[in-house]
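Only one structure is covered here, and it is reproduced in the block below.
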Amino acid sequence: MTGRALAGDDGVRPLKEGWRMVKVVLTVAAVYLGAIGVALLVVPAQFGVDAVPDDPTSELIALLRLLGGPFLGIAVLDWMWRTMDSSQGRRAVLLANLVGFGFVAANDVVGVLTGDARDLARVFLVVHLAFTAAFVVALRREADQPVTSEGAA
């Protein structure tokens, strides 16, 4: 990746710039989602502060732990794709993250505006909106990169 790609109205942009930004976004998302997955598996009641009752049922704890698995899976996916060349596969991973974080952010907005969300939701709202915006930018930067069919690095 030593060439240059057209970047729209402002001329040319080095290929590495867009690649570096995508790598950072996927890395941060992987760490964030991995931390949530571990927390849901290891300390589900504490993770659900102000949302989980003081004496949760074993079924609720099992459900929270069940949700930890997909978070860890997506974290691994993001971690693995962060260093791969631009490809249709990496774009699919970026789009999936955008959809996921976008829906979570929308849910946070509704919960905060209606007052139905826990107080901590205001913090998560900012975090999830930031991830949503970052994945929008990452997808735009990714669009400037040449695409390989396989996605292998």
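As shown in the structure tokens, the chain order sets the letters A, B, ...; within each chain, residues go from 1, and ligands are also counted from 1 in the order they appear.
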
Legend entry - segment 27-40 of chain A surroundings by only C-alpha atoms, 9 Å radius, close-in-sequence under 4 positions cut, as a list in words: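 So, after excluding close chain neighbours, the residues are Val22, Lys23, Pro44, Ala45, Gln46, Phe47, Gly48, Ile61, Leu64, Arg65, Leu66, Leu67, Gly68, Gly69, Pro70, Phe71, Leu72, Gly73, Ile74, Ala75, Val76, Leu77, Asp78, Trp79, Arg82, Asn97 and Phe131 of chain A.
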
Inset, instruction - Compile the contact shell of Ala105 of chain A as a ChimeraX atom specification: residues with an atom at most 8 Å away, counting only C-alpha atoms, same-chain residues fewer than 5 positions apart removed. - result: /A:125,128-129,132

For the residues in that selection, give me C-alpha atoms as a tab-separated table (two decimals), in the first residue's frame.
chain	number	residue	atom	x	y	z
A	125	LEU	CA	-25.07	7.19	24.43
A	128	HIS	CA	-22.15	4.59	20.98
A	129	LEU	CA	-22.75	7.75	18.93
A	132	THR	CA	-21.38	5.08	14.96

Please identify every residue of segment 54-110 of chain A that has at least one atom no farther than 12 Å from an atom of segment 133-137 of chain A, counting only C-alpha atoms, and for each give the shortest atom pair and the distance in Å to one decimal, arranged by chain then increasing number, as JSON lines.
{"residue": "A:Asp78", "atom": "CA", "partner": "A:Phe135", "partner_atom": "CA", "distance": 11.9}
{"residue": "A:Arg90", "atom": "CA", "partner": "A:Phe135", "partner_atom": "CA", "distance": 11.9}
{"residue": "A:Arg91", "atom": "CA", "partner": "A:Phe135", "partner_atom": "CA", "distance": 10.3}
{"residue": "A:Ala92", "atom": "CA", "partner": "A:Phe135", "partner_atom": "CA", "distance": 11.5}
{"residue": "A:Val93", "atom": "CA", "partner": "A:Phe135", "partner_atom": "CA", "distance": 10.0}
{"residue": "A:Leu94", "atom": "CA", "partner": "A:Phe135", "partner_atom": "CA", "distance": 6.4}
{"residue": "A:Leu95", "atom": "CA", "partner": "A:Phe135", "partner_atom": "CA", "distance": 7.5}
{"residue": "A:Ala96", "atom": "CA", "partner": "A:Phe135", "partner_atom": "CA", "distance": 9.4}
{"residue": "A:Asn97", "atom": "CA", "partner": "A:Phe135", "partner_atom": "CA", "distance": 7.0}
{"residue": "A:Leu98", "atom": "CA", "partner": "A:Phe135", "partner_atom": "CA", "distance": 5.4}
{"residue": "A:Val99", "atom": "CA", "partner": "A:Phe135", "partner_atom": "CA", "distance": 9.2}
{"residue": "A:Gly100", "atom": "CA", "partner": "A:Phe135", "partner_atom": "CA", "distance": 10.3}
{"residue": "A:Phe101", "atom": "CA", "partner": "A:Phe135", "partner_atom": "CA", "distance": 8.6}
{"residue": "A:Gly102", "atom": "CA", "partner": "A:Ala133", "partner_atom": "CA", "distance": 8.7}
{"residue": "A:Ala105", "atom": "CA", "partner": "A:Ala133", "partner_atom": "CA", "distance": 10.4}

Go ahead and write the residues just picked, C-alpha atoms, as a compact mmCIF listing (two decimals), in the first residue's frame.
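Result saved to result-v9.txt:
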# COMPACT_ATOMS: atom_id res chain seq x y z
CA ASP A 78 -12.92 -6.82 14.45
CA ARG A 90 -13.56 -5.80 5.48
CA ARG A 91 -16.23 -3.44 4.19
CA ALA A 92 -18.85 -5.95 5.33
CA VAL A 93 -17.28 -6.00 8.81
CA LEU A 94 -17.30 -2.19 8.93
CA LEU A 95 -20.92 -2.05 7.77
CA ALA A 96 -21.97 -4.67 10.33
CA ASN A 97 -20.34 -2.61 13.09
CA LEU A 98 -22.05 0.54 11.82
CA VAL A 99 -25.45 -1.20 11.88
CA GLY A 100 -24.82 -2.66 15.35
CA PHE A 101 -23.55 0.53 16.95
CA GLY A 102 -26.16 2.59 15.09
CA ALA A 105 -27.07 4.35 19.80

Inset, instruction - Can you list, as number ranges by chain, all residues belonging to chain A that DSSP tags as strand (DSSP E)? - result: A: 4-6, 12-14

Inset, instruction - Check segment 64-136 of chain A with DSSP on the backbone and list each residue it calls alpha helix (DSSP H), as a PyMOL selection string. - result: chain A and resi 64-81+88-114+121-136

Legend entry - atom CA of Val25 of chain A to atom CA of Ser87 of chain A, straight-line distance in Å: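 Separation of atom CA of Ser87 of chain A and atom CA of Val25 of chain A: 16.2 Å.
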
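Proximity of A:Val24, A:Trp81, A:Ala117, A:Val104 to Val49 of chain A, computed with only C-alpha atoms, is greatest for A:Ala117.
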
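Here atom CA of Val110 of chain A is placed at a distance of 10.9 Å from atom CA of Arg122 of chain A.
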